[in-house]
Amino acid sequence: MVGYLLVVLSVQADPIRLPDLGDPADSTLSITREKELGSEVMRQVRRQQTIVDDLIVKEYMSDLGYRLLEHADAALHDFQLFVVDDNAVNAFALPGGYLVFNSGLILTTENESELAAVVAHEISHVTQRHLARSFSHNSKMSAPLLATMIAGVFIGGEVGEAAVVAAGAGSAQSRINFTRKHEHEADRVGIDLLARSGFVADGMATLFEKMQRQSRLRGGAPLEYLSTHPVYETRIAEARARAEKYSAVTPTDSEVYRLVRARLRVLTNETPHQLAADIESVLDAEQTSDELMDRYALAMALLEGSQFRKAALQLDIAVQRFGSSKYLELLKADIQLRQGQDEQALQIMQALRNRYPADHIVTLEYARMLIDAGRAASAQDMLEEYVIFRPGDPDIYKLLARATKVVGDNAQSHAYMAEYFLASDEADKAISHIETALGNPIDDYHEESGLRARLRELKGQQQGDPGGEIE
Ligand SMILES: [Zn+2]
């Protein structure tokens with residue numbers, strides 16, 4: 001997809017006169033400006049697509065990203081990885097380190113190295129500054145307009161193509177060549193990154209092959225991701241040849257990778273009863289290719305369909321066959337809570353927290369279950385202690401807003417909502433929540449003056465925003 005973005009972004013750029021590779025000082029777009037542009041486009045993505053808001057999925061993708069970034073050169077940006085609920089097999093990178101992966105792509109991967117290959121490829125577009133280098137000094141397009149166009153394009157289809165045509169200066173062939181050059185480089189740098197991070201270097205090639213097969217099954221209609229890679233036959237061969245240079249690694253998939261795929265399968269499905277029946281028949285026929293994954297997905301689908309006892313039974317079978325784990329315990333607690341067995345659920349969570357005291361998912365899930373079980377004040381205490389270790393995490397603020405609302409502290413609840421929106425790059429909404437917070441009775445003078453100071457700070461930042469021209 002990045003290919004399409006480049007088509008739009010590079011319309012006024014002459015590829016020949018672009019600065020040399022990998023020298024940020026020569027780049028035509030400052031890091032700060034690139035981040036601003038990316039965050040504007042990301043706002044559009046949030047509006048137009050459904051972000052998969054699942055703690056386990058989000059934390060896993062972020063961990064996977066950082067596992068690769070540890071080995072990347074010149075990571076100038078903070079990276080943020082998002083999963084959107086979209087069956088199309090696609091992923092794209094935005095300026096400023098925003099990486100977006102469709103659920104359809106993650107579900108198409110069959111091992112962790114294949115997923116890591118796509119993440120490495122997208123990271124490489126950003127570290128090689130492909131997007132930034134696609135700008136010329138002459139580009140005077142306003143950020144919001146550009147953002148609208150990019151957003152239009154990656155939604156795909158005719159609207160996107162029309163945007164590309166509307167943006168079009170320069171010949172189609174030169175734009176294609178420019179895109180291909182970047183794709184080529186992202187493959188090369190990405191495979192190297194993949195291998196250096198301990199994944200199977202062949203992951204890129206096997207995933208490309210899978211995508212090619214799928215596209216043939218669909219009567220030759222190209223999958224979204226491959227449509228930006230018009231020469232994928234060559235790319236498969238090149239990816240394979242590159243991978244051969246690296247020593248063979250025995251592939252082992254982490255448990256969480258398999259469970260994330262199981263979760264996505266359920267979370268992006270709208271008919272849990274049907275899905276449960278489908279998985280059950282595969283398991284009954286002993287045709288499962290990954291029993292742990294299937295049992296876990298089945299338990300989740302049954303839970304979604306409110307079939308609590310059956311869900312608990314499937315999870316028990318999974319634990320008996322494969323041993324327990326953090327993720328299986330979390331699901332067990334969730335099922336018990338939904339069944340109304342609050343005490344048992346909270347006991348499991350307390351035991352998990354003793355074992356994993358600083359774990360993000362355990363802490364947030366425990367807090368959520370405390371709120372659901374009517375103990376919002378305990379949740380608030382736990383989260384206010386925890387947020388110090390992970391400031392700026394939107395999920396913590398969202399839960400804190402919920403907990404304080406249940407406790408009855410409306411001003412504080414809106415103040416936390418403001419922090420949530422701020423952490424999600426939505427300054428306007430943050431400001432309006434602080435204003436609402438200040439409209440509530442606040443007993444504590446320090447709290448009130450703190451909120452007023454925060455409001456002044458945010459409004460000042462907005463005015464200081466040059467907002468508009470791309471330099
Ligand atoms: Zn690409």
# chains A, B, ... in the order shown; residues from 1 in each chain; ligands from 1
>>> select_by_dssp(residues="stretch 79-116 of chain A", states="alpha helix (DSSP H)", output="list in words")
Ser103, Gly104, Leu105, Ile106, Leu107, Thr108, Glu112, Ser113, Glu114, Leu115 and Ala116 of chain A
>>> closest_residue(among="A:Met42, A:Leu69, A:Ala262, A:Glu59", to="A:Thr108", atoms="only C-alpha atoms")
A:Ala262
>>> residues_around(residues="A:Ala401", least_positions_apart="4", cutoff="12 Å", atoms="only C-alpha atoms", output="PyMOL selection string")
chain A and resi 367-368+371+376-377+379-380+383-384+394-397+405-421+433+437
>>> write_last_selection(atoms="C-alpha atoms", output="PDB file, in the first residue's frame")
ATOM      1  CA  ALA A 367      -8.497  -3.190  36.731  1.00  0.00           C
ATOM      2  CA  ARG A 368     -11.267  -3.654  34.173  1.00  0.00           C
ATOM      3  CA  ILE A 371     -14.655  -2.120  37.777  1.00  0.00           C
ATOM      4  CA  ALA A 376     -14.008   0.804  40.895  1.00  0.00           C
ATOM      5  CA  ALA A 377     -12.163   2.518  43.747  1.00  0.00           C
ATOM      6  CA  ALA A 379      -9.225  -0.217  40.192  1.00  0.00           C
ATOM      7  CA  GLN A 380      -8.571   3.518  40.388  1.00  0.00           C
ATOM      8  CA  LEU A 383      -4.206   2.297  37.811  1.00  0.00           C
ATOM      9  CA  GLU A 384      -3.048   5.562  39.366  1.00  0.00           C
ATOM     10  CA  PRO A 394      -4.323   5.776  26.192  1.00  0.00           C
ATOM     11  CA  ASP A 395      -5.757   2.499  27.507  1.00  0.00           C
ATOM     12  CA  ILE A 396      -4.802   3.296  31.098  1.00  0.00           C
ATOM     13  CA  TYR A 397      -6.480   6.710  30.885  1.00  0.00           C
ATOM     14  CA  LYS A 405     -16.925   7.960  36.657  1.00  0.00           C
ATOM     15  CA  VAL A 406     -18.285   4.921  38.517  1.00  0.00           C
ATOM     16  CA  VAL A 407     -16.839   6.293  41.757  1.00  0.00           C
ATOM     17  CA  GLY A 408     -18.771   9.513  41.047  1.00  0.00           C
ATOM     18  CA  ASP A 409     -15.896  11.927  40.408  1.00  0.00           C
ATOM     19  CA  ASN A 410     -17.097  13.471  37.147  1.00  0.00           C
ATOM     20  CA  ALA A 411     -14.453  16.181  36.934  1.00  0.00           C
ATOM     21  CA  GLN A 412     -11.659  13.654  37.332  1.00  0.00           C
ATOM     22  CA  SER A 413     -13.300  11.325  34.846  1.00  0.00           C
ATOM     23  CA  HIS A 414     -13.357  14.047  32.170  1.00  0.00           C
ATOM     24  CA  ALA A 415      -9.785  15.006  33.032  1.00  0.00           C
ATOM     25  CA  TYR A 416      -8.740  11.407  32.343  1.00  0.00           C
ATOM     26  CA  MET A 417     -10.762  11.373  29.118  1.00  0.00           C
ATOM     27  CA  ALA A 418      -8.777  14.444  28.110  1.00  0.00           C
ATOM     28  CA  GLU A 419      -5.531  12.541  28.738  1.00  0.00           C
ATOM     29  CA  TYR A 420      -6.911   9.626  26.749  1.00  0.00           C
ATOM     30  CA  PHE A 421      -7.618  11.818  23.711  1.00  0.00           C
ATOM     31  CA  HIS A 433     -13.128  17.268  28.014  1.00  0.00           C
ATOM     32  CA  ALA A 437     -14.296  18.801  33.716  1.00  0.00           C
TER      33      ALA A 437
END
>>> residues_around(residues="A:Thr363", least_positions_apart="6", cutoff="9 Å", atoms="only C-alpha atoms", output="VMD selection string")
chain A and resid 349 352 to 353 356 to 357 382 to 383 386
>>> write_last_selection(atoms="N, CA and C atoms", output="compact mmCIF listing (two decimals), in the first residue's frame")
# COMPACT_ATOMS: atom_id res chain seq x y z
N MET A 349 -7.02 -13.27 38.79
CA MET A 349 -6.31 -12.06 38.40
C MET A 349 -5.28 -11.65 39.46
N LEU A 352 -2.35 -13.86 39.02
CA LEU A 352 -1.58 -13.45 37.84
C LEU A 352 -0.75 -12.21 38.14
N ARG A 353 -1.36 -11.28 38.87
CA ARG A 353 -0.64 -10.04 39.16
C ARG A 353 0.54 -10.30 40.10
N TYR A 356 3.08 -11.70 37.66
CA TYR A 356 3.55 -10.73 36.65
C TYR A 356 3.21 -9.32 37.13
N PRO A 357 3.93 -8.82 38.13
CA PRO A 357 3.52 -7.56 38.76
C PRO A 357 3.51 -6.34 37.83
N MET A 382 -5.16 1.12 41.77
CA MET A 382 -4.18 0.31 41.06
C MET A 382 -3.67 1.04 39.82
N LEU A 383 -4.58 1.64 39.07
CA LEU A 383 -4.21 2.30 37.81
C LEU A 383 -3.42 3.59 38.05
N TYR A 386 -0.04 2.57 38.63
CA TYR A 386 0.59 1.96 37.45
C TYR A 386 0.92 2.97 36.36
>>> residues_around(residues="A:His121", least_positions_apart="2", cutoff="7 Å", atoms="only C-alpha atoms", output="ChimeraX atom specification")
/A:117-119,123-125,186-187,190
>>> residues_around(residues="A:Glu70", least_positions_apart="3", cutoff="12 Å", atoms="only C-alpha atoms", output="VMD selection string")
chain A and resid 63 to 67 73 to 75 79 120 123 193 to 194 196 to 198
>>> residues_around(residues="A:Gly305", least_positions_apart="2", cutoff="12 Å", atoms="only C-alpha atoms", output="list in words")
Val266, Leu267, Asn269, Glu270, Thr271, Pro272, His273, Gln274, Leu275, Ala276, Ala277, Leu298, Ala299, Met300, Ala301, Leu302, Leu303, Gln307, Phe308, Arg309, Lys310, Ala311, Ile335 and Arg338 of chain A
>>> closest_residue(among="A:Glu110, A:Glu426, A:Glu34, A:Glu238", to="A:Asp290", atoms="only C-alpha atoms")
A:Glu110
>>> closest_residue(among="A:Asp342, A:Ala72, A:Glu291, A:Asp425", to="A:Arg46", atoms="only C-alpha atoms")
A:Asp425
>>> atom_distance(atom1="atom CA of A:Phe389", atom2="atom CA of A:Lys58")
18.0 Å
>>> decode(residues="stretch 365-460 of chain A", atoms="C-alpha atoms", output="CSV table (one decimal), in the first residue's frame")
chain,number,residue,atom,x,y,z
A,365,GLU,CA,-7.5,-6.6,32.7
A,366,TYR,CA,-7.4,-6.8,36.5
A,367,ALA,CA,-8.5,-3.2,36.7
A,368,ARG,CA,-11.3,-3.7,34.2
A,369,MET,CA,-12.6,-6.7,36.0
A,370,LEU,CA,-12.5,-4.9,39.3
A,371,ILE,CA,-14.7,-2.1,37.8
A,372,ASP,CA,-17.0,-4.7,36.3
A,373,ALA,CA,-17.2,-6.4,39.7
A,374,GLY,CA,-18.2,-3.2,41.4
A,375,ARG,CA,-14.9,-2.3,42.9
A,376,ALA,CA,-14.0,0.8,40.9
A,377,ALA,CA,-12.2,2.5,43.7
A,378,SER,CA,-9.6,-0.4,44.0
A,379,ALA,CA,-9.2,-0.2,40.2
A,380,GLN,CA,-8.6,3.5,40.4
A,381,ASP,CA,-5.9,3.0,43.1
A,382,MET,CA,-4.2,0.3,41.1
A,383,LEU,CA,-4.2,2.3,37.8
A,384,GLU,CA,-3.0,5.6,39.4
A,385,GLU,CA,0.0,3.7,40.7
A,386,TYR,CA,0.6,2.0,37.4
A,387,VAL,CA,0.3,4.9,35.1
A,388,ILE,CA,3.5,6.4,36.5
A,389,PHE,CA,5.3,3.5,34.9
A,390,ARG,CA,3.7,3.9,31.5
A,391,PRO,CA,2.7,7.5,31.1
A,392,GLY,CA,0.9,8.5,27.9
A,393,ASP,CA,-0.8,5.1,27.4
A,394,PRO,CA,-4.3,5.8,26.2
A,395,ASP,CA,-5.8,2.5,27.5
A,396,ILE,CA,-4.8,3.3,31.1
A,397,TYR,CA,-6.5,6.7,30.9
A,398,LYS,CA,-9.6,5.2,29.3
A,399,LEU,CA,-10.0,2.8,32.2
A,400,LEU,CA,-9.2,5.5,34.8
A,401,ALA,CA,-11.9,7.6,33.2
A,402,ARG,CA,-14.3,4.7,33.6
A,403,ALA,CA,-13.3,3.9,37.2
A,404,THR,CA,-13.6,7.6,38.4
A,405,LYS,CA,-16.9,8.0,36.7
A,406,VAL,CA,-18.3,4.9,38.5
A,407,VAL,CA,-16.8,6.3,41.8
A,408,GLY,CA,-18.8,9.5,41.0
A,409,ASP,CA,-15.9,11.9,40.4
A,410,ASN,CA,-17.1,13.5,37.1
A,411,ALA,CA,-14.5,16.2,36.9
A,412,GLN,CA,-11.7,13.7,37.3
A,413,SER,CA,-13.3,11.3,34.8
A,414,HIS,CA,-13.4,14.0,32.2
A,415,ALA,CA,-9.8,15.0,33.0
A,416,TYR,CA,-8.7,11.4,32.3
A,417,MET,CA,-10.8,11.4,29.1
A,418,ALA,CA,-8.8,14.4,28.1
A,419,GLU,CA,-5.5,12.5,28.7
A,420,TYR,CA,-6.9,9.6,26.7
A,421,PHE,CA,-7.6,11.8,23.7
A,422,LEU,CA,-4.3,13.6,24.1
A,423,ALA,CA,-2.5,10.2,24.0
A,424,SER,CA,-4.6,9.4,20.9
A,425,ASP,CA,-3.5,12.6,19.1
A,426,GLU,CA,-6.9,14.2,19.4
A,427,ALA,CA,-6.1,17.5,21.0
A,428,ASP,CA,-9.5,19.1,20.2
A,429,LYS,CA,-11.4,16.4,22.0
A,430,ALA,CA,-9.0,16.7,24.9
A,431,ILE,CA,-9.6,20.4,25.3
A,432,SER,CA,-13.4,19.9,25.3
A,433,HIS,CA,-13.1,17.3,28.0
A,434,ILE,CA,-11.0,19.6,30.2
A,435,GLU,CA,-13.6,22.3,29.7
A,436,THR,CA,-16.4,19.9,30.7
A,437,ALA,CA,-14.3,18.8,33.7
A,438,LEU,CA,-14.0,22.4,34.8
A,439,GLY,CA,-17.8,22.8,34.5
A,440,ASN,CA,-18.2,20.2,37.2
A,441,PRO,CA,-17.9,20.9,40.9
A,442,ILE,CA,-14.3,20.5,42.0
A,443,ASP,CA,-13.6,20.6,45.8
A,444,ASP,CA,-9.8,20.5,45.5
A,445,TYR,CA,-8.3,23.8,44.6
A,446,HIS,CA,-5.1,22.2,43.4
A,447,GLU,CA,-7.0,19.9,41.1
A,448,GLU,CA,-8.9,22.8,39.6
A,449,SER,CA,-5.8,25.0,39.1
A,450,GLY,CA,-4.0,22.0,37.6
A,451,LEU,CA,-6.8,21.6,35.1
A,452,ARG,CA,-6.8,25.3,34.2
A,453,ALA,CA,-3.0,25.1,33.6
A,454,ARG,CA,-3.4,22.0,31.4
A,455,LEU,CA,-6.1,23.8,29.4
A,456,ARG,CA,-3.9,26.8,28.8
A,457,GLU,CA,-1.0,24.6,27.8
A,458,LEU,CA,-3.1,22.6,25.3
A,459,LYS,CA,-4.6,25.8,23.8
A,460,GLY,CA,-1.2,27.3,23.6
